[in-house]
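With compact mmCIF, C-alpha atoms and all ligand atoms inside, this is run-v2.txt:
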# COMPACT_ATOMS: atom_id res chain seq x y z
CA SER A 1 -27.83 -24.62 -3.03
CA TRP A 2 -24.15 -25.18 -3.78
CA ALA A 3 -24.86 -27.41 -6.77
CA ASN A 4 -23.16 -24.96 -9.10
CA VAL A 5 -20.01 -24.41 -7.08
CA PRO A 6 -17.16 -25.74 -9.21
CA ALA A 7 -14.28 -27.64 -7.61
CA GLY A 8 -11.17 -25.46 -7.53
CA PRO A 9 -7.53 -26.49 -7.91
CA PRO A 10 -5.41 -27.09 -4.77
CA ASP A 11 -2.70 -24.58 -3.83
CA PRO A 12 0.23 -25.56 -6.08
CA ILE A 13 2.66 -25.42 -3.15
CA LEU A 14 0.64 -26.58 -0.15
CA GLY A 15 -0.95 -29.35 -2.29
CA ILE A 16 2.45 -31.04 -2.59
CA SER A 17 2.53 -31.83 1.12
CA GLU A 18 -0.58 -33.97 0.65
CA ALA A 19 1.02 -36.05 -2.10
CA PHE A 20 4.10 -36.37 0.11
CA LYS A 21 2.08 -37.54 3.11
CA ALA A 22 0.33 -40.20 1.01
CA ASP A 23 3.67 -41.61 -0.20
CA LYS A 24 4.75 -44.55 1.98
CA ASN A 25 8.31 -44.88 0.67
CA PRO A 26 10.85 -44.44 3.53
CA ARG A 27 13.28 -42.46 1.35
CA LYS A 28 10.67 -39.83 0.43
CA ILE A 29 11.72 -36.15 0.68
CA ASN A 30 9.44 -33.09 0.77
CA LEU A 31 11.08 -30.14 -0.96
CA GLY A 32 7.76 -28.43 -1.67
CA VAL A 33 6.70 -25.94 0.97
CA GLY A 34 9.25 -23.46 2.29
CA ALA A 35 9.49 -24.38 5.94
CA TYR A 36 12.78 -24.89 7.72
CA ARG A 37 13.82 -28.40 8.77
CA ASP A 38 16.77 -29.23 11.02
CA GLU A 39 19.62 -31.60 10.09
CA HIS A 40 17.35 -34.54 10.91
CA GLY A 41 14.57 -33.30 8.66
CA LYS A 42 12.41 -32.24 11.61
CA PRO A 43 10.53 -28.97 12.17
CA TYR A 44 12.68 -26.71 14.33
CA VAL A 45 11.63 -24.56 17.25
CA LEU A 46 14.27 -21.93 18.02
CA GLN A 47 15.82 -21.96 21.53
CA THR A 48 15.10 -18.23 21.82
CA VAL A 49 11.45 -18.88 21.02
CA LYS A 50 11.29 -21.50 23.80
CA LYS A 51 12.92 -19.07 26.24
CA ALA A 52 10.55 -16.27 25.23
CA GLU A 53 7.57 -18.59 25.70
CA GLU A 54 8.73 -19.44 29.22
CA ALA A 55 9.04 -15.77 30.09
CA ILE A 56 5.58 -15.06 28.65
CA ARG A 57 4.02 -17.93 30.58
CA ASP A 58 5.43 -16.49 33.80
CA GLN A 59 4.60 -12.85 33.10
CA ILE A 60 1.36 -12.71 31.12
CA PRO A 61 -1.46 -14.58 32.81
CA ASP A 62 -4.38 -13.52 30.61
CA LYS A 63 -5.70 -13.98 27.07
CA GLU A 64 -7.11 -10.48 26.58
CA TYR A 65 -7.61 -9.00 23.10
CA LEU A 66 -4.77 -7.04 21.56
CA PRO A 67 -5.49 -3.58 20.13
CA ILE A 68 -6.66 -3.53 16.45
CA THR A 69 -3.13 -2.78 15.23
CA GLY A 70 -1.60 -5.31 17.58
CA LEU A 71 0.96 -5.29 20.36
CA PRO A 72 2.62 -1.84 20.37
CA GLU A 73 6.03 -3.10 21.61
CA PHE A 74 6.01 -5.71 18.86
CA THR A 75 5.22 -3.31 16.02
CA ALA A 76 7.79 -0.77 17.25
CA ARG A 77 10.49 -3.46 17.41
CA ALA A 78 9.50 -4.96 14.05
CA ALA A 79 9.86 -1.54 12.41
CA LEU A 80 13.23 -1.02 14.10
CA LEU A 81 14.40 -4.42 12.81
CA ALA A 82 13.41 -3.63 9.25
CA TYR A 83 14.28 0.05 8.90
CA GLY A 84 17.28 0.20 11.26
CA ALA A 85 17.93 2.52 14.21
CA ASP A 86 19.24 5.40 12.06
CA SER A 87 16.27 5.41 9.69
CA ASP A 88 15.05 8.95 9.14
CA PRO A 89 11.27 8.23 9.13
CA LEU A 90 11.70 6.00 12.20
CA THR A 91 13.44 8.72 14.21
CA ARG A 92 10.85 11.30 13.08
CA GLY A 93 7.85 9.16 14.11
CA ALA A 94 6.83 8.89 10.45
CA ILE A 95 6.20 5.16 10.12
CA SER A 96 2.68 3.87 10.34
CA VAL A 97 2.79 0.24 11.39
CA THR A 98 0.32 -2.46 12.30
CA GLN A 99 0.62 -6.07 13.35
CA SER A 100 -0.68 -8.50 10.72
CA ILE A 101 -1.59 -12.15 10.18
CA SER A 102 1.99 -12.96 9.17
CA GLY A 103 3.40 -11.83 5.83
CA THR A 104 0.33 -12.82 3.82
CA GLY A 105 -1.91 -10.69 6.03
CA ALA A 106 0.52 -7.77 5.80
CA LEU A 107 0.42 -7.91 1.99
CA ARG A 108 -3.35 -8.09 2.11
CA ILE A 109 -3.71 -5.08 4.41
CA GLY A 110 -1.34 -3.17 2.13
CA GLY A 111 -3.29 -4.21 -0.96
CA ALA A 112 -6.55 -3.11 0.62
CA PHE A 113 -5.07 0.21 1.81
CA LEU A 114 -3.69 1.01 -1.65
CA ALA A 115 -6.93 -0.01 -3.37
CA ARG A 116 -8.84 2.37 -1.09
CA HIS A 117 -6.50 5.31 -0.53
CA TYR A 118 -3.72 5.39 -3.11
CA PRO A 119 -4.53 8.38 -5.31
CA HIS A 120 -2.81 7.10 -8.47
CA ALA A 121 -3.00 4.00 -10.68
CA LYS A 122 -4.51 0.92 -9.08
CA ALA A 123 -2.17 -1.45 -10.90
CA ILE A 124 0.49 -3.44 -9.10
CA TYR A 125 3.46 -4.87 -11.02
CA LEU A 126 4.67 -8.26 -9.83
CA PRO A 127 7.88 -9.98 -10.95
CA THR A 128 7.62 -13.00 -13.26
CA PRO A 129 7.77 -15.43 -11.67
CA THR A 130 6.71 -14.55 -8.15
CA TRP A 131 5.31 -16.27 -5.06
CA GLY A 132 2.10 -17.82 -6.43
CA ASN A 133 -0.11 -16.34 -3.75
CA HIS A 134 0.82 -12.75 -4.70
CA ILE A 135 -1.42 -12.83 -7.76
CA PRO A 136 -4.81 -13.80 -6.21
CA LEU A 137 -3.93 -11.85 -3.06
CA PHE A 138 -3.53 -8.50 -4.80
CA ARG A 139 -6.39 -9.21 -7.20
CA ASP A 140 -8.70 -9.96 -4.28
CA SER A 141 -7.47 -6.76 -2.58
CA GLY A 142 -8.91 -4.79 -5.49
CA LEU A 143 -5.76 -4.00 -7.47
CA GLU A 144 -5.09 -4.72 -11.11
CA VAL A 145 -2.27 -7.24 -11.33
CA ARG A 146 0.39 -6.76 -14.01
CA SER A 147 3.87 -8.18 -14.37
CA TYR A 148 7.46 -7.15 -14.98
CA ARG A 149 10.25 -9.38 -16.27
CA TYR A 150 12.54 -10.79 -13.59
CA PHE A 151 13.97 -14.17 -14.49
CA ASP A 152 16.18 -14.99 -17.46
CA LYS A 153 15.50 -18.71 -18.04
CA GLU A 154 18.23 -19.09 -20.61
CA ASN A 155 21.00 -17.91 -18.30
CA VAL A 156 19.31 -18.82 -14.98
CA SER A 157 19.91 -15.24 -13.83
CA LEU A 158 18.21 -11.92 -13.24
CA ASP A 159 16.75 -10.40 -16.42
CA PHE A 160 17.89 -6.96 -15.36
CA GLU A 161 17.41 -5.33 -18.76
CA GLY A 162 13.87 -6.74 -18.98
CA LEU A 163 13.13 -5.58 -15.44
CA LYS A 164 14.33 -2.04 -16.12
CA SER A 165 12.54 -1.75 -19.42
CA ASP A 166 9.23 -3.02 -17.96
CA LEU A 167 9.41 -0.63 -15.00
CA LEU A 168 10.34 2.25 -17.32
CA SER A 169 7.25 1.58 -19.40
CA ALA A 170 4.85 1.21 -16.44
CA PRO A 171 2.40 4.12 -16.15
CA GLU A 172 3.45 6.77 -13.65
CA GLY A 173 2.09 6.08 -10.18
CA SER A 174 1.92 2.30 -10.58
CA VAL A 175 2.74 0.16 -7.58
CA VAL A 176 5.72 -2.19 -7.91
CA LEU A 177 6.13 -5.21 -5.69
CA LEU A 178 9.75 -5.99 -4.81
CA HIS A 179 10.98 -9.07 -2.94
CA ALA A 180 13.30 -7.44 -0.39
CA CYS A 181 15.65 -10.44 -0.31
CA ALA A 182 15.68 -14.15 -1.13
CA HIS A 183 13.34 -13.88 -4.11
CA ASN A 184 10.76 -16.65 -4.06
CA PRO A 185 10.83 -18.85 -6.18
CA THR A 186 14.07 -18.08 -8.07
CA GLY A 187 16.54 -17.46 -5.22
CA ILE A 188 18.02 -14.67 -7.36
CA ASP A 189 18.31 -11.14 -5.95
CA PRO A 190 19.54 -7.92 -7.53
CA THR A 191 23.04 -6.88 -6.43
CA PRO A 192 23.33 -3.70 -4.29
CA GLU A 193 24.37 -1.81 -7.46
CA GLN A 194 21.29 -3.11 -9.30
CA TRP A 195 19.07 -2.15 -6.34
CA ALA A 196 20.45 1.40 -6.58
CA ILE A 197 19.48 1.51 -10.27
CA ILE A 198 16.01 0.08 -9.53
CA SER A 199 15.59 2.79 -6.90
CA ASP A 200 16.46 5.45 -9.51
CA VAL A 201 14.01 3.99 -12.05
CA VAL A 202 11.25 3.83 -9.45
CA LYS A 203 11.94 7.46 -8.57
CA GLU A 204 12.15 8.65 -12.18
CA LYS A 205 8.86 6.95 -13.11
CA LYS A 206 7.18 7.98 -9.82
CA LEU A 207 6.32 4.35 -9.06
CA PHE A 208 5.32 3.27 -5.55
CA PRO A 209 7.58 0.58 -4.04
CA PHE A 210 5.92 -2.16 -1.97
CA PHE A 211 8.49 -4.48 -0.37
CA ASP A 212 7.68 -8.03 0.61
CA MET A 213 10.26 -9.04 3.22
CA ALA A 214 9.47 -12.62 4.22
CA TYR A 215 13.08 -13.70 4.79
CA GLN A 216 15.00 -11.00 6.70
CA GLY A 217 18.09 -12.69 8.15
CA PHE A 218 17.24 -15.95 6.49
CA ALA A 219 18.85 -15.08 3.17
CA SER A 220 22.41 -14.19 4.14
CA GLY A 221 22.33 -14.85 7.87
CA ASP A 222 22.75 -11.10 8.44
CA ILE A 223 19.74 -9.00 9.48
CA ALA A 224 21.07 -5.67 8.18
CA ARG A 225 22.40 -7.07 4.93
CA ASP A 226 19.03 -8.63 4.08
CA ALA A 227 17.33 -5.28 4.77
CA PHE A 228 19.66 -3.45 2.38
CA ALA A 229 17.10 -2.84 -0.36
CA VAL A 230 14.42 -1.48 1.98
CA ARG A 231 16.89 0.75 3.83
CA HIS A 232 18.45 1.99 0.60
CA PHE A 233 15.08 3.00 -0.84
CA VAL A 234 14.15 4.80 2.37
CA ALA A 235 17.52 6.56 2.48
CA GLN A 236 16.94 7.68 -1.12
CA GLY A 237 13.79 9.45 0.02
CA HIS A 238 11.19 6.97 -1.25
CA GLN A 239 8.03 6.44 0.69
CA VAL A 240 7.58 2.68 0.88
CA ALA A 241 5.11 0.02 1.95
CA LEU A 242 6.56 -3.02 3.70
CA ALA A 243 5.21 -6.47 4.55
CA GLN A 244 7.23 -8.34 7.19
CA SER A 245 6.90 -11.96 8.24
CA PHE A 246 8.40 -13.69 11.26
CA ALA A 247 7.40 -17.12 9.92
CA LYS A 248 10.86 -18.01 8.63
CA ASN A 249 13.36 -15.97 10.63
CA MET A 250 11.81 -16.93 13.98
CA GLY A 251 10.21 -20.19 12.85
CA LEU A 252 6.80 -18.85 13.92
CA TYR A 253 4.94 -20.23 10.86
CA GLY A 254 1.67 -21.22 12.49
CA GLU A 255 1.69 -18.33 14.99
CA ARG A 256 0.97 -15.95 12.08
CA THR A 257 3.25 -13.13 13.22
CA GLY A 258 3.90 -10.20 10.91
CA ALA A 259 3.71 -6.48 10.38
CA PHE A 260 2.64 -4.04 7.69
CA SER A 261 4.12 -0.56 7.56
CA LEU A 262 4.06 2.58 5.47
CA THR A 263 6.55 5.42 5.70
CA VAL A 264 4.63 8.69 5.79
CA ALA A 265 5.33 12.42 5.73
CA ASP A 266 5.08 13.27 9.42
CA PRO A 267 3.41 12.29 12.72
CA GLU A 268 0.22 14.11 11.77
CA GLU A 269 -0.11 12.10 8.55
CA LYS A 270 0.78 8.97 10.52
CA ALA A 271 -2.20 9.52 12.82
CA ARG A 272 -4.56 9.72 9.83
CA VAL A 273 -3.04 6.67 8.12
CA ASP A 274 -3.16 4.71 11.41
CA SER A 275 -6.85 5.48 11.74
CA GLN A 276 -7.53 4.15 8.22
CA LEU A 277 -5.49 0.99 8.81
CA LYS A 278 -7.74 0.30 11.79
CA ILE A 279 -10.82 0.84 9.63
CA ILE A 280 -9.49 -1.73 7.14
CA ILE A 281 -8.53 -4.29 9.77
CA ARG A 282 -11.58 -4.12 12.07
CA PRO A 283 -14.09 -5.70 9.69
CA MET A 284 -11.53 -8.24 8.42
CA TYR A 285 -10.46 -9.89 11.69
CA SER A 286 -10.90 -7.29 14.44
CA ASN A 287 -7.51 -7.78 16.04
CA PRO A 288 -4.50 -10.08 15.56
CA PRO A 289 -3.37 -13.19 17.48
CA ALA A 290 -1.28 -12.37 20.55
CA HIS A 291 1.08 -15.25 21.22
CA GLY A 292 3.50 -14.94 18.29
CA ALA A 293 3.74 -11.17 18.68
CA ARG A 294 4.61 -11.60 22.36
CA ILE A 295 7.33 -14.10 21.43
CA ALA A 296 8.84 -11.88 18.71
CA SER A 297 8.59 -8.81 20.89
CA THR A 298 10.30 -10.56 23.81
CA ILE A 299 13.18 -11.70 21.60
CA LEU A 300 13.61 -8.37 19.85
CA GLY A 301 13.39 -6.41 23.10
CA ASP A 302 16.01 -8.29 25.12
CA THR A 303 19.68 -7.77 24.32
CA ALA A 304 20.81 -11.28 25.26
CA LEU A 305 17.90 -13.03 23.54
CA TYR A 306 18.34 -10.84 20.48
CA SER A 307 21.97 -11.78 19.99
CA GLN A 308 21.20 -15.46 20.55
CA TRP A 309 18.41 -15.16 17.97
CA GLU A 310 20.81 -13.56 15.47
CA SER A 311 23.09 -16.56 15.78
CA GLU A 312 20.17 -18.97 15.42
CA VAL A 313 19.03 -17.27 12.19
CA LYS A 314 22.61 -17.36 10.99
CA GLY A 315 22.77 -21.06 11.83
CA MET A 316 19.68 -21.79 9.72
CA ALA A 317 20.95 -19.71 6.80
CA GLU A 318 24.36 -21.35 6.98
CA ARG A 319 22.97 -24.87 7.06
CA ILE A 320 21.14 -24.05 3.83
CA ILE A 321 24.27 -22.57 2.26
CA THR A 322 26.21 -25.73 3.20
CA MET A 323 23.56 -27.85 1.44
CA ARG A 324 23.89 -25.70 -1.69
CA GLU A 325 27.64 -26.30 -1.74
CA LYS A 326 27.14 -30.00 -1.14
CA ILE A 327 24.66 -30.45 -4.01
CA TYR A 328 26.89 -28.46 -6.31
CA SER A 329 29.90 -30.53 -5.54
CA LEU A 330 28.00 -33.84 -5.77
CA LEU A 331 26.50 -32.98 -9.16
CA THR A 332 29.54 -31.31 -10.67
CA HIS A 333 32.47 -33.30 -9.27
CA ASP A 334 31.22 -36.67 -8.02
CA LEU A 335 28.41 -37.52 -10.44
CA LYS A 336 29.50 -35.34 -13.37
CA THR A 337 25.82 -34.70 -14.06
CA PRO A 338 25.31 -33.14 -17.50
CA GLY A 339 24.52 -29.42 -17.34
CA GLU A 340 25.68 -26.33 -15.47
CA TRP A 341 24.83 -26.28 -11.74
CA GLY A 342 26.53 -23.11 -10.49
CA HIS A 343 23.18 -21.43 -9.87
CA ILE A 344 22.37 -23.87 -7.05
CA LYS A 345 25.39 -22.49 -5.19
CA SER A 346 24.85 -18.82 -6.04
CA GLN A 347 21.11 -18.61 -5.37
CA ILE A 348 19.97 -17.06 -2.11
CA GLY A 349 17.53 -18.02 0.63
CA MET A 350 15.07 -20.80 1.22
CA PHE A 351 14.72 -21.94 -2.38
CA SER A 352 16.66 -23.06 -5.37
CA PHE A 353 15.33 -22.93 -8.87
CA THR A 354 17.00 -26.10 -10.13
CA GLY A 355 16.15 -25.76 -13.79
CA LEU A 356 14.46 -29.20 -13.77
CA LYS A 357 11.57 -29.27 -16.25
CA PRO A 358 7.99 -30.27 -15.35
CA ASP A 359 8.40 -33.81 -16.74
CA GLN A 360 11.60 -34.17 -14.71
CA THR A 361 10.01 -32.95 -11.47
CA LYS A 362 7.22 -35.45 -12.12
CA ALA A 363 9.77 -38.22 -12.57
CA MET A 364 11.49 -37.13 -9.33
CA ALA A 365 8.21 -37.68 -7.48
CA GLU A 366 7.21 -40.90 -9.22
CA LYS A 367 10.58 -42.63 -9.38
CA ALA A 368 12.52 -41.14 -6.47
CA HIS A 369 9.71 -40.04 -4.09
CA ILE A 370 11.18 -36.53 -4.03
CA TYR A 371 8.54 -33.80 -4.11
CA MET A 372 9.01 -30.25 -5.43
CA THR A 373 6.93 -27.68 -7.27
CA ALA A 374 6.38 -28.24 -11.00
CA ASP A 375 8.54 -25.20 -11.85
CA GLY A 376 11.59 -27.05 -10.49
CA ARG A 377 11.80 -25.09 -7.23
CA ILE A 378 13.18 -26.94 -4.22
CA SER A 379 13.00 -25.86 -0.61
CA MET A 380 16.64 -26.18 0.41
CA ALA A 381 15.67 -26.69 4.05
CA GLY A 382 14.30 -30.15 3.26
CA LEU A 383 17.82 -31.37 2.50
CA ASN A 384 20.31 -32.61 5.08
CA ALA A 385 23.41 -34.77 5.44
CA GLY A 386 21.17 -37.87 5.53
CA ASN A 387 19.39 -37.32 2.22
CA VAL A 388 21.46 -34.95 0.06
CA GLN A 389 23.43 -37.77 -1.60
CA TYR A 390 20.18 -39.57 -2.51
CA PHE A 391 18.77 -36.27 -3.80
CA ALA A 392 21.80 -35.60 -6.02
CA GLU A 393 21.80 -39.17 -7.37
CA SER A 394 18.10 -38.84 -8.19
CA VAL A 395 18.66 -35.54 -10.02
CA ASP A 396 21.51 -37.17 -11.91
CA ALA A 397 19.32 -40.12 -12.94
CA VAL A 398 16.46 -37.87 -14.06
CA VAL A 399 18.76 -35.55 -16.05
CA ARG A 400 20.36 -38.49 -17.83
CA GLY A 401 16.81 -39.73 -18.60
N1 LIG B 501 5.91 -13.53 0.68
C1 LIG B 501 6.74 -14.46 0.22
C2 LIG B 501 7.65 -14.12 -0.90
C3 LIG B 501 6.76 -15.72 0.80
O1 LIG B 501 7.60 -16.64 0.34
C4 LIG B 501 5.87 -16.00 1.86
C5 LIG B 501 5.82 -17.37 2.40
O2 LIG B 501 6.59 -17.71 3.17
C6 LIG B 501 5.05 -14.98 2.33
C7 LIG B 501 5.10 -13.76 1.71
C8 LIG B 501 4.10 -15.05 3.48
O3 LIG B 501 4.22 -16.06 4.35
P1 LIG B 501 3.50 -15.99 5.76
O4 LIG B 501 2.12 -15.51 5.54
O5 LIG B 501 3.56 -17.38 6.27
O6 LIG B 501 4.31 -15.04 6.59
O1 LIG B 502 6.58 -20.53 -1.04
C1 LIG B 502 6.52 -21.20 -0.01
O2 LIG B 502 6.69 -22.40 0.02
C2 LIG B 502 6.27 -20.46 1.30
C3 LIG B 502 5.16 -21.06 2.12
O3 LIG B 502 -0.08 -20.66 0.12
C4 LIG B 502 3.79 -20.94 1.59
O4 LIG B 502 6.08 -19.14 1.01
C5 LIG B 502 3.41 -21.52 0.39
C6 LIG B 502 2.13 -21.44 -0.10
C7 LIG B 502 1.19 -20.77 0.63
C8 LIG B 502 1.52 -20.19 1.83
C9 LIG B 502 2.83 -20.27 2.30

Turn the structure described in the file into structure tokens.
Ligand code: PLP
Ligand code: TYF
Amino acid sequence: SWANVPAGPPDPILGISEAFKADKNPRKINLGVGAYRDEHGKPYVLQTVKKAEEAIRDQIPDKEYLPITGLPEFTARAALLAYGADSDPLTRGAISVTQSISGTGALRIGGAFLARHYPHAKAIYLPTPTWGNHIPLFRDSGLEVRSYRYFDKENVSLDFEGLKSDLLSAPEGSVVLLHACAHNPTGIDPTPEQWAIISDVVKEKKLFPFFDMAYQGFASGDIARDAFAVRHFVAQGHQVALAQSFAKNMGLYGERTGAFSLTVADPEEKARVDSQLKIIIRPMYSNPPAHGARIASTILGDTALYSQWESEVKGMAERIITMREKIYSLLTHDLKTPGEWGHIKSQIGMFSFTGLKPDQTKAMAEKAHIYMTADGRISMAGLNAGNVQYFAESVDAVVRG
């Protein structure tokens, strides 16, 4: 009965890990999927996560279901982390928030809510390029996927004029997806001044801003700084949708810990929106997994753990920044690799868009056993003191042909 089911392509990012696993060369490096690795190239469990897990083991003996919208302490603390203590909708009880299956699940709940309840256009504008999963995710949610210009290939920078002009010509009421910080895959974010202009354009054109914040704290090492765009929009009076993930900033990848929120008019509207979020979630997965939310909630709710977590996030962000500086100096000063490499240093977050072309990324895999996505994106976290020299030499060899 499945004779006519065609074979589909693998996920372009997660598929790379399989090629990497099959490679037996000892020097191999996986720069495909965006998952943090420590200075020895190993997955990293945060100390604060281990401490929170101990506390949970001692205090919570059961495995009962969570409510449909998740652990209430977790969602309250997640909203506080994103919007900040002095956020007007937060203090007025005008944020509707639910736990989600990490950031992906938050985006999906948001997509489904907009498809069902948003009274205006059902089109969502995504930046080009964007995280690959955004496109099928919003399409499957029932929205029409369109795009706005984001990346200037020529100058390896933000195409701010293209972005503005595409948002200005979007039909009124369209939804616009914005990467809150650490744009994936380019590593290029608008400056605060550019965010202020984007906020004005979104207001002028009556667009609806949907923020994807998968890297709060992970981009700059500073929780508040990475939330600037979201907080600025809210302060400017926008109603926003927000997808949060704790995969990267707490290293909770497989625990699937996230939150979706909407700022609303008032507590009465919040009650109605909450009820509809439950109606969307119940037939999808009934209620979310408990463990990761308990971990995040424990960390966010304890002053000492919170400040230790802040320094752990900072540590991860800074290790990545150090690697950027190291590659830049190896390519530019030591190897004198042809080309301009300043973008590797100036880009932000988990990824760097190297500018390597598809044939070059293929050569990196075949000749050097270094794996990255075909668009030339590398996950910075896969680099460390033990392999960065080999990486730079391999880039140099491939660039020189
Ligand atoms: N959005 C962006 C831009 C991402 O890079 C990711 C992946 O890390 C996600 C959302 C969702 O990830 P997760 O579902 O693991 O939280
Ligand atoms: O872009 C990345 O590498 C991360 C991780 O289907 C990821 O966002 C990649 C692909 C995917 C889910 C997560």

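Interatomic distance, CA of Tyr125 in chain A to CA of Ala271 in chain A: 28.4 Å.
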
### Task
For ligand LIG 501 (chain B), collect every residue having any atom at a distance of at most 9 Å from a ligand atom (counting all atoms listed in the file); output as a ChimeraX atom specification.
/A:33-35,101-107,130-134,179-185,212-215,243-248,252-258,350

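Closest to Asp266 in chain A among A:Thr91, A:Asp166, A:Phe210, A:Gln389 is A:Thr91, based on only C-alpha atoms.
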
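Candidate residues A:Ala241, A:Leu80, A:Val45, A:Ile280 were compared for distance to Ser141 in chain A, and the nearest is A:Ile280, using only C-alpha atoms.
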
### Task
Tell me which protein, DNA and RNA residues are within 10 Å of range 321-335 of chain A, counting only C-alpha atoms, leaving out same-chain ones fewer than 6 positions away, and put them as an MDAnalysis selection string.
chainID A and resid 219:221 315 341:352 380:385 388:389 391:393 395:397

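Minimum distance to ligand LIG 502 (chain B) across A:Asp23, A:Asp200, A:Asp86, A:Asp11 (counting all atoms listed in the file) occurs at A:Asp11.
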
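Across the model, the gap from CA of Phe211 in chain A to atom O3 of ligand LIG 502 (chain B) is 18.3 Å.
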
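Atom pair CA of Tyr36 in chain A / CA of Gln99 in chain A has a distance of 23.1 Å (rounded to one decimal).
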
## Note on the structure
Counting all atoms listed in the file, closest pick from A:Leu114, A:Ile60, A:Ile135, A:Ile188 relative to ligand LIG 502 (chain B) is A:Ile135

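With distances taken over all atoms listed in the file, A:Thr75 is the one residue among A:Gly339, A:Ile295, A:Glu144, A:Thr75 lying closest to Ile95 in chain A.
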
### Task
Could you give me, as a ChimeraX atom specification, the residues within 7 Å of Ala293 in chain A, counting all atoms listed in the file and dropping anything in the same chain fewer than 2 positions from it?
/A:71,74,257,290-291,295-297

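Ranking A:Val234, A:Leu137, A:Ala7, A:Met284 by their shortest atom-to-atom distance to ligand LIG 502 (chain B), with only C-alpha atoms and all ligand atoms included, puts A:Leu137 first.
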
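Summary of the local environment: counting only C-alpha atoms, residues at most 12 Å from Ser275 in chain A, other than itself and those fewer than 3 positions away along its chain, are Ile68, Thr69, Ser96, Val97, Thr98, Phe113, Glu268, Glu269, Lys270, Ala271, Arg272, Lys278, Ile279, Ile280, Ile281 and Arg282 of chain A.
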
Report, as JSON, the axis-aligned box around all atoms of ligand LIG 502 (chain B) present in the file, extended by 4 Å on each side; give centre and edge lengths in Å to one decimal place.
{"center_x": 3.3, "center_y": -20.8, "center_z": 0.6, "size_x": 14.8, "size_y": 11.3, "size_z": 11.3}

What are the nearest atom pairs, with distances in Å to one decimal, for all residues of range 90-129 of chain A that come at most 12 Å from range 155-162 of chain A, using only C-alpha atoms, set out by chain and rising residue number as JSON lines?
{"residue": "A:Pro127", "atom": "CA", "partner": "A:Asp159", "partner_atom": "CA", "distance": 10.4}
{"residue": "A:Thr128", "atom": "CA", "partner": "A:Asp159", "partner_atom": "CA", "distance": 10.0}
{"residue": "A:Pro129", "atom": "CA", "partner": "A:Leu158", "partner_atom": "CA", "distance": 11.1}

### Task
Find the residues near Leu46 in chain A: any atom within 10 Å, counting all atoms listed in the file, skip ones fewer than 2 places away on the same chain, and give them as a ChimeraX atom specification.
/A:43-44,48-52,249-252,308-309,312-313,316

N, CA and C atoms are what I want for range 115-127 of chain A; can you complete it accordingly and write them as a PDB file, keeping the file's coordinate frame?
ATOM      1  N   ALA A 115      -5.715  -0.002  -2.549  1.00  0.00           N
ATOM      2  CA  ALA A 115      -6.930  -0.010  -3.370  1.00  0.00           C
ATOM      3  C   ALA A 115      -7.881   1.106  -2.913  1.00  0.00           C
ATOM      4  N   ARG A 116      -7.898   1.380  -1.621  1.00  0.00           N
ATOM      5  CA  ARG A 116      -8.840   2.370  -1.090  1.00  0.00           C
ATOM      6  C   ARG A 116      -8.299   3.797  -1.089  1.00  0.00           C
ATOM      7  N   HIS A 117      -7.003   3.951  -0.784  1.00  0.00           N
ATOM      8  CA  HIS A 117      -6.500   5.310  -0.530  1.00  0.00           C
ATOM      9  C   HIS A 117      -5.425   5.814  -1.476  1.00  0.00           C
ATOM     10  N   TYR A 118      -4.817   4.931  -2.249  1.00  0.00           N
ATOM     11  CA  TYR A 118      -3.720   5.390  -3.110  1.00  0.00           C
ATOM     12  C   TYR A 118      -4.323   6.241  -4.238  1.00  0.00           C
ATOM     13  N   PRO A 119      -3.850   7.469  -4.378  1.00  0.00           N
ATOM     14  CA  PRO A 119      -4.530   8.380  -5.310  1.00  0.00           C
ATOM     15  C   PRO A 119      -4.191   8.160  -6.775  1.00  0.00           C
ATOM     16  N   HIS A 120      -3.240   7.259  -7.077  1.00  0.00           N
ATOM     17  CA  HIS A 120      -2.810   7.100  -8.470  1.00  0.00           C
ATOM     18  C   HIS A 120      -3.350   5.791  -9.043  1.00  0.00           C
ATOM     19  N   ALA A 121      -2.593   5.239 -10.011  1.00  0.00           N
ATOM     20  CA  ALA A 121      -3.000   4.000 -10.680  1.00  0.00           C
ATOM     21  C   ALA A 121      -3.257   2.895  -9.671  1.00  0.00           C
ATOM     22  N   LYS A 122      -4.213   2.035  -9.978  1.00  0.00           N
ATOM     23  CA  LYS A 122      -4.510   0.920  -9.080  1.00  0.00           C
ATOM     24  C   LYS A 122      -3.900  -0.378  -9.578  1.00  0.00           C
ATOM     25  N   ALA A 123      -2.828  -0.244 -10.391  1.00  0.00           N
ATOM     26  CA  ALA A 123      -2.170  -1.450 -10.900  1.00  0.00           C
ATOM     27  C   ALA A 123      -0.927  -1.738 -10.079  1.00  0.00           C
ATOM     28  N   ILE A 124      -0.730  -3.026  -9.790  1.00  0.00           N
ATOM     29  CA  ILE A 124       0.490  -3.440  -9.100  1.00  0.00           C
ATOM     30  C   ILE A 124       1.272  -4.354 -10.024  1.00  0.00           C
ATOM     31  N   TYR A 125       2.569  -4.072 -10.172  1.00  0.00           N
ATOM     32  CA  TYR A 125       3.460  -4.870 -11.020  1.00  0.00           C
ATOM     33  C   TYR A 125       4.175  -5.894 -10.164  1.00  0.00           C
ATOM     34  N   LEU A 126       4.026  -7.169 -10.554  1.00  0.00           N
ATOM     35  CA  LEU A 126       4.670  -8.260  -9.830  1.00  0.00           C
ATOM     36  C   LEU A 126       5.758  -8.864 -10.724  1.00  0.00           C
ATOM     37  N   PRO A 127       6.857  -9.341 -10.110  1.00  0.00           N
ATOM     38  CA  PRO A 127       7.880  -9.980 -10.950  1.00  0.00           C
ATOM     39  C   PRO A 127       7.379 -11.299 -11.514  1.00  0.00           C
TER      40      PRO A 127
END
